[in-house]
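Below is one structure, written out as structure tokens; the observations come after it.
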Amino acid sequence: MNMIKNLRRKFILAATAAVVIIVVGALGLINTIVYMRMHVQIESILSYISQNGGRVPLEKTPHGSSWFGDTDWSDDTPEFSYQTRFFSVLVNPEGYVENINIKNIAAFTEDEAIQYARSTVQEGKSRGFFKKGRASYAYMITKDQTGNFLIVIMDYTRDIGAVASFVRYSVSFGFICILLYIFVFVALCNMAVKPFVRNMENQKRFITNAGHELKTPIAIISANTEAMEFINGKNQWTGNILKQVQRLSKLINDLIMLSKMEERSQLDLTITKINMAETVTAVAESFRQMAADQGKKLVCHITPMVYVNADAKCVYELVNILVDNAVKYCDDKGVIDINLKKGKKILALLLPLPILMQREQL
């Protein structure tokens with residue numbers, strides 16, 4: 001169950017991360033387009049005012065389009081000249097003010113207009129932005145054929161406010177969509193995982209029941225064989241029967257043990273600091289005589305003083321199964337090389353892969 005929970009958690013996290021990346025990318029692209037469109041619109045208006053000598057004609061409105069589509073102010077509306085809040089300052093090549101137009105703005109006096117116009121010229125940029133109080137302004141500096149400089153400064157507070165509101169609403173909408181997706185996906189994920197959980201539970205139940213059912217006939221065979229040896233004496237056939245009975249009993253116990261280990265939760269484990277080198281050495285020594293009886297050589301290359309935080313019983317059982325399989329499936333007169341190495345962040349227990357097992361799998 002822990003494995004299913006971990007897989008389910010990782011699957012939900014991966015899917016959620018993918019959705020977050022998509023939503024964030026989409027919102028970022030949309031908001032970027034809106035922000036760039038606002039800049040294009042502002043520059044178009046400033047260019048239009050500059051082309052008309054720092055004024056907006058009452059009889060017509062600007063027309064134009066850009067890569068981001070037609071601008072909002074390009075419609076033929078007579079209110080455009082009254083909605084645009086700006087002022088312009090004309091400066092000759094010697095730096096003297098030739099003309100000031102502050103009819104379309106109320107936030108600047110003539111002195112303030114001259115002061116801000118000079119500050120924009122001193123920045124050395126042909127266009128830019130600045131703030132005055134809570135208001136935001138954009139400016140553009142153009143030079144005519146006579147060498148005069150026309151500075152046009154326009155209030156774009158409403159535009160930047162609209163973009164900021166759009167960004168806030170879009171981010172809130174995206175966040176709500178992500179939360180709804182998580183809730184819906186978690187509910188659907190539970191439904192999708194149920195068949196796998198049911199199959200795993202049935203498999204574990206089958207292994208446990210089959211193991212217990214097989215123990216009875218194996219115990220009867222073992223008892224009858226021992227009775228035959230008691231009556232008729234030991235011989236090669238009864239010895240082989242008992243040997244295979246012991247092997248089957250061990251295999252059944254291993255299956256049941258592995259099935260129970262998967263069912264154990266983290267709370268059932270007793271995590272302590274154990275000497276892995278001593279555990280591997282003890283298991284290897286217990287199989288050394290068995291390997292020698294089968295004409296096999298068991299060699300150990302174990303790094304001393306290797307400690308891990310784990311459940312001692314589970315680690316011992318795991319190493320015991322690995323070494324038992326290595327001895328059991330090793331070739332005749334083969335060498336079983338057990339290596340225990342410690343890396344910077346990992347611990348490696350290396351055992352030879354038996355050729356017999358490879359052939360059986362093929």
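Following the order of the structure tokens, chains are lettered A, B, ..., residues in each are numbered from 1, and ligands are numbered from 1.
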| query | Counting only C-alpha atoms, what is within 7 Å of Ile271 (chain A), bar same-chain residues fewer than 5 positions away, as JSON, numbers by chain? | reply | {"A": [309, 310, 311]}
| Residues at most 12 Å from region 291-293 of chain A, counting only C-alpha atoms, excluding those fewer than 2 positions away in the same chain, as a ChimeraX atom specification? | /A:284-289,295-299,323-337
| field | Test item: residues at most 12 Å from region 185-187 of chain A, only C-alpha atoms, excluding those fewer than 6 positions along its chain, as a PyMOL selection string | value | chain A and resi 8-16+19+177-179+193-194
| What's the 7 Å shell around region 149-155 of chain A, counting only C-alpha atoms, without same-chain residues fewer than 2 positions away, as a ChimeraX atom specification? | /A:46,50,54,85-92,117,136-144,147,157
| note | In terms of only C-alpha atoms, the residue from A:Glu43, A:Asn240, A:Asn190, A:Tyr316 at minimal distance from Leu7 (chain A) is A:Asn190
| request: Looking only at strand (DSSP E or B) from DSSP on the backbone, list the matching residues of region 192-358 of chain A as a ChimeraX atom specification. | output: /A:271-275,297-302,307-311,335-342,347-350
| request: Extract the full set of helix (DSSP H, G or I) residues from region 73-297 of chain A according to DSSP on the backbone, and format it as a VMD selection string. | output: chain A and resid 73 to 74 80 to 83 110 to 122 157 to 232 236 to 263 266 to 268 276 to 293
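Minimum atom-to-atom distances from A:Lys250, A:Ala223, A:Asn275, A:Leu180 to Thr238 (chain A) were compared using only C-alpha atoms, and the lowest value belongs to A:Ala223.
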| request: Determine, counting only C-alpha atoms, which protein, DNA and RNA residues have an atom within 10 Å of an atom of region 215-217 of chain A; residues of the same chain fewer than 4 positions away are not included. Present the result as a ChimeraX atom specification. | output: /A:210-211,221-223,245,248-249,252-253
Can you write out the residues you just picked, keeping N, CA and C atoms, as a PDB file, in the first residue's frame?
ATOM      1  N   ALA A 210      -1.844 -19.360  -0.481  1.00  0.00           N
ATOM      2  CA  ALA A 210      -1.179 -20.486  -1.139  1.00  0.00           C
ATOM      3  C   ALA A 210      -0.009 -20.985  -0.305  1.00  0.00           C
ATOM      4  N   GLY A 211       0.713 -20.053   0.307  1.00  0.00           N
ATOM      5  CA  GLY A 211       1.836 -20.463   1.146  1.00  0.00           C
ATOM      6  C   GLY A 211       1.395 -21.310   2.319  1.00  0.00           C
ATOM      7  N   ILE A 221       4.654 -34.666   3.699  1.00  0.00           N
ATOM      8  CA  ILE A 221       5.712 -35.357   2.949  1.00  0.00           C
ATOM      9  C   ILE A 221       6.964 -35.490   3.805  1.00  0.00           C
ATOM     10  N   SER A 222       7.308 -34.413   4.510  1.00  0.00           N
ATOM     11  CA  SER A 222       8.498 -34.459   5.356  1.00  0.00           C
ATOM     12  C   SER A 222       8.343 -35.482   6.476  1.00  0.00           C
ATOM     13  N   ALA A 223       7.156 -35.510   7.105  1.00  0.00           N
ATOM     14  CA  ALA A 223       6.930 -36.461   8.202  1.00  0.00           C
ATOM     15  C   ALA A 223       6.958 -37.900   7.699  1.00  0.00           C
ATOM     16  N   VAL A 245      12.180 -30.846   0.114  1.00  0.00           N
ATOM     17  CA  VAL A 245      11.148 -30.339   1.024  1.00  0.00           C
ATOM     18  C   VAL A 245      11.647 -29.099   1.755  1.00  0.00           C
ATOM     19  N   LEU A 248      11.614 -26.213  -0.735  1.00  0.00           N
ATOM     20  CA  LEU A 248      10.267 -25.679  -0.953  1.00  0.00           C
ATOM     21  C   LEU A 248       9.777 -24.897   0.260  1.00  0.00           C
ATOM     22  N   SER A 249      10.060 -25.398   1.439  1.00  0.00           N
ATOM     23  CA  SER A 249       9.641 -24.691   2.657  1.00  0.00           C
ATOM     24  C   SER A 249      10.290 -23.315   2.736  1.00  0.00           C
ATOM     25  N   ILE A 252       8.669 -20.973   0.164  1.00  0.00           N
ATOM     26  CA  ILE A 252       7.347 -20.525   0.615  1.00  0.00           C
ATOM     27  C   ILE A 252       7.479 -19.475   1.711  1.00  0.00           C
ATOM     28  N   ASN A 253       8.382 -19.716   2.638  1.00  0.00           N
ATOM     29  CA  ASN A 253       8.596 -18.738   3.709  1.00  0.00           C
ATOM     30  C   ASN A 253       9.097 -17.403   3.161  1.00  0.00           C
TER      31      ASN A 253
END
| task | Select, from A:Ile100, A:Leu242, A:Val319, A:Met38, the residue with the minimum atom-to-atom distance to Ala164 (chain A), counting only C-alpha atoms. | result |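 Of the candidates, the smallest distance to Ala164 (chain A) is held by A:Met38.
In this comparison, which uses only C-alpha atoms, the residue of A:Glu213, A:Glu226, A:Glu278, A:Asp159 approaching Met36 (chain A) most closely is A:Asp159.
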